[in-house]
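Trainee: Quick one, my_file01.tsv (TSV, C-alpha atoms):
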chain	number	residue	atom	x	y	z
A	635	MET	CA	21.58	-29.46	5.42
A	636	GLU	CA	18.08	-30.75	6.07
A	637	ASN	CA	15.50	-28.48	7.66
A	638	THR	CA	14.10	-30.21	10.76
A	639	HIS	CA	11.33	-27.68	11.46
A	640	LYS	CA	7.63	-28.49	11.12
A	641	SER	CA	5.74	-27.38	8.05
A	642	PRO	CA	3.35	-24.50	8.83
A	643	LYS	CA	-0.39	-25.19	8.73
A	644	ILE	CA	-2.80	-23.41	6.43
A	645	LEU	CA	-5.23	-21.71	8.80
A	646	LYS	CA	-7.76	-20.24	6.37
A	647	HIS	CA	-8.51	-20.19	2.65
A	648	LYS	CA	-10.88	-18.12	0.61
A	649	TRP	CA	-10.63	-16.93	-2.98
A	650	GLY	CA	-7.30	-15.14	-3.44
A	651	HIS	CA	-6.45	-15.40	0.27
A	652	LEU	CA	-4.41	-17.92	2.26
A	653	GLU	CA	-3.63	-17.50	5.94
A	654	VAL	CA	-0.60	-19.50	7.02
A	655	GLU	CA	0.64	-20.27	10.52
A	656	GLY	CA	3.59	-18.07	11.46
A	657	HIS	CA	3.04	-15.52	8.67
A	658	PRO	CA	1.30	-12.28	9.65
A	659	THR	CA	-0.09	-11.33	6.22
A	660	PRO	CA	-2.10	-13.48	3.81
A	661	TYR	CA	-0.78	-14.86	0.55
A	662	LYS	CA	-2.58	-15.15	-2.77
A	663	ASP	CA	-0.59	-18.27	-3.72
A	664	ALA	CA	1.90	-19.88	-1.36
A	665	LYS	CA	4.95	-22.09	-1.19
A	666	LEU	CA	5.02	-24.00	2.11
A	667	PHE	CA	7.90	-26.10	3.39
A	668	PRO	CA	9.44	-27.33	6.64
A	669	GLY	CA	10.21	-24.27	8.73
A	670	GLY	CA	8.44	-21.64	6.65
A	671	SER	CA	6.44	-20.28	3.78
A	672	ARG	CA	6.54	-17.52	1.19
A	673	GLU	CA	4.54	-16.02	-1.63
A	674	TRP	CA	4.49	-18.24	-4.71
A	675	TRP	CA	5.10	-15.81	-7.54
A	676	TRP	CA	4.60	-17.65	-10.83
A	677	GLY	CA	6.73	-15.16	-12.77
A	678	GLU	CA	9.89	-16.57	-11.13
A	679	THR	CA	9.70	-19.71	-13.24
A	680	GLY	CA	7.33	-18.69	-16.03
A	681	THR	CA	4.52	-20.83	-14.65
A	682	LYS	CA	1.11	-20.39	-16.26
A	683	HIS	CA	-2.12	-22.39	-15.98
A	684	LYS	CA	-0.98	-24.32	-19.05
A	685	PRO	CA	1.42	-26.14	-19.16
A	686	GLY	CA	1.33	-25.74	-15.36
A	687	ILE	CA	3.61	-26.30	-12.38
A	688	GLN	CA	7.25	-26.57	-13.44
A	689	PRO	CA	10.10	-28.61	-11.89
A	690	ALA	CA	11.67	-25.30	-10.78
A	691	ASP	CA	8.53	-24.49	-8.76
A	692	VAL	CA	8.99	-27.70	-6.75
A	693	GLU	CA	12.80	-27.66	-6.32
A	694	GLU	CA	12.76	-25.08	-3.52
A	695	LEU	CA	10.40	-27.28	-1.48
A	696	LEU	CA	12.84	-30.18	-1.75
A	697	ASP	CA	15.80	-27.91	-0.97
A	698	GLN	CA	13.99	-26.87	2.24
A	699	GLY	CA	13.70	-30.49	3.39
A	700	ALA	CA	10.25	-31.57	2.18
A	701	ARG	CA	9.99	-35.35	1.82
A	702	VAL	CA	6.47	-35.36	0.41
A	703	ILE	CA	4.85	-32.78	-1.88
A	704	VAL	CA	1.29	-31.50	-2.25
A	705	LEU	CA	0.38	-29.62	-5.43
A	706	SER	CA	-2.82	-27.60	-5.64
A	707	ARG	CA	-4.41	-27.32	-9.09
A	708	GLY	CA	-6.63	-24.41	-8.01
A	709	VAL	CA	-10.22	-24.25	-6.78
A	710	TYR	CA	-11.61	-25.44	-10.14
A	711	GLY	CA	-8.57	-27.46	-11.22
A	712	ARG	CA	-7.44	-25.05	-13.92
A	713	LEU	CA	-3.74	-25.16	-13.02
A	714	ASP	CA	-2.01	-28.08	-14.69
A	715	VAL	CA	1.12	-29.89	-13.53
A	716	THR	CA	3.81	-30.60	-16.12
A	717	LYS	CA	4.84	-34.18	-16.73
A	718	GLU	CA	8.42	-33.00	-16.18
A	719	ALA	CA	7.62	-31.93	-12.61
A	720	LEU	CA	5.96	-35.27	-11.85
A	721	GLN	CA	8.83	-37.20	-13.48
A	722	MET	CA	11.40	-35.27	-11.44
A	723	LEU	CA	9.60	-36.17	-8.20
A	724	ARG	CA	9.22	-39.80	-9.26
A	725	LYS	CA	12.97	-40.02	-10.07
A	726	LYS	CA	13.77	-38.68	-6.60
A	727	SER	CA	11.26	-41.13	-5.03
A	728	VAL	CA	9.28	-38.23	-3.51
A	729	PRO	CA	5.57	-38.96	-2.97
A	730	VAL	CA	3.31	-36.35	-4.55
A	731	HIS	CA	-0.37	-35.54	-4.01
A	732	VAL	CA	-2.14	-33.50	-6.71
A	733	HIS	CA	-5.60	-32.14	-5.87
A	734	LYS	CA	-7.93	-29.18	-6.23
A	735	THR	CA	-7.25	-26.52	-3.59
A	736	LYS	CA	-9.74	-27.55	-0.90
A	737	LYS	CA	-8.55	-31.17	-0.82
A	738	ALA	CA	-4.89	-30.16	-1.27
A	739	ILE	CA	-5.12	-28.01	1.88
A	740	LYS	CA	-6.77	-30.83	3.83
A	741	VAL	CA	-4.12	-33.37	2.74
A	742	TYR	CA	-1.28	-30.90	3.36
A	743	ASN	CA	-2.46	-30.01	6.89
A	744	GLU	CA	-2.84	-33.72	7.76
A	745	LEU	CA	0.65	-34.52	6.47
A	746	ALA	CA	2.14	-31.49	8.27
A	747	GLU	CA	1.16	-33.14	11.57
A	748	LYS	CA	3.53	-36.04	11.02
A	749	GLU	CA	6.18	-35.41	8.38
A	750	PRO	CA	8.19	-32.76	6.52
A	751	VAL	CA	5.84	-31.74	3.72
A	752	GLY	CA	6.02	-29.04	1.08
A	753	ALA	CA	3.19	-27.57	-0.95
A	754	LEU	CA	2.34	-25.20	-3.74
A	755	ILE	CA	-1.12	-23.78	-3.07
A	756	HIS	CA	-3.06	-21.85	-5.73
A	757	SER	CA	-5.94	-20.02	-4.04
A	758	THR	CA	-8.03	-19.14	-7.09
A	759	CYS	CA	-9.22	-20.80	-10.33
As structure tokens - that is how I would like this structure written.

Mentor:
Amino acid sequence: MENTHKSPKILKHKWGHLEVEGHPTPYKDAKLFPGGSREWWWGETGTKHKPGIQPADVEELLDQGARVIVLSRGVYGRLDVTKEALQMLRKKSVPVHVHKTKKAIKVYNELAEKEPVGALIHSTC
């Protein structure tokens, strides 16, 4: 069943701190999707800066109804994205935007105004 709720906006970002609409406490890293958000804990999928974001990190966003994905590589771009994650999105015909954190937040918030978007936001390095 597709989630028809809006994706929450990112209200504030500073190093190690993300404030998200509808969530009372800040996240360090966040998963955002139509209708909600949660802490993005890398240990769930074994994600590390290298090789980077895994297909399993992105699957939940799609399961929650995201039709476009924004991936943050961190403030300095130190978080990579695996080719497997990008290939999975391409096979499913899901548009993906990959940027450093500041631009990723800007793109995500703009997309959240008009379509069901999901994001993985890394607030540091």

Trainee: Do you have the atom CA of Gln698 of chain A-atom CA of Glu747 of chain A distance handy?

Mentor: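 Pair atom CA of Gln698 of chain A / atom CA of Glu747 of chain A returns 17.1 Å.
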
Trainee: Take atom CA of Glu655 of chain A and atom CA of Lys643 of chain A and report the distance between them in Å, one decimal.

Mentor: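 Interatomic distance, atom CA of Glu655 of chain A to atom CA of Lys643 of chain A: 5.3 Å.
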
Trainee: Here is a test: counting all atoms listed in the file, which residue of A:Gly680, A:Gly752, A:Gly708, A:Gly686 is nearest to Lys662 of chain A?

Mentor: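 That would be A:Gly708, the residue with the smallest distance to Lys662 of chain A.
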
Trainee: One number please: atom CA of Val709 of chain A to atom CA of Ser671 of chain A, in Å, one decimal.

Mentor: 20.1 Å

Trainee: Please list, as a list of chain:residue names, the residues that have an atom at most 7 Å away from (2.4, -23.9, -0.5) in the coordinates of this file, counting only C-alpha atoms.

Mentor: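 Those residues lying close to the given coordinates are A:Ala664, A:Lys665, A:Leu666, A:Ser671, A:Gly752, A:Ala753, A:Leu754, A:Ile755.
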
Trainee: Nearest residue to Asp663 of chain A out of A:Lys725, A:His756, A:His683, A:Arg701, using only C-alpha atoms?

Mentor: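 So, comparing all the options, the nearest one is A:His756.
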
Trainee: So that I can check the surroundings of segment 702-704 of chain A, please list as a PyMOL selection string every protein, DNA and RNA residue that reaches within 8 Å of it, counting only C-alpha atoms and ignoring chain neighbours fewer than 4 positions away.

Mentor: chain A and resi 695+728-733+738+741-742+749-754

Trainee: List every protein, DNA or RNA residue that has at least one atom no more than 12 Å from (17.2, -29.6, -1.0) in the file's coordinates, counting all atoms listed in the file, and write the result as a PyMOL selection string.

Mentor: chain A and resi 635-637+667-668+692-701+726+728+752
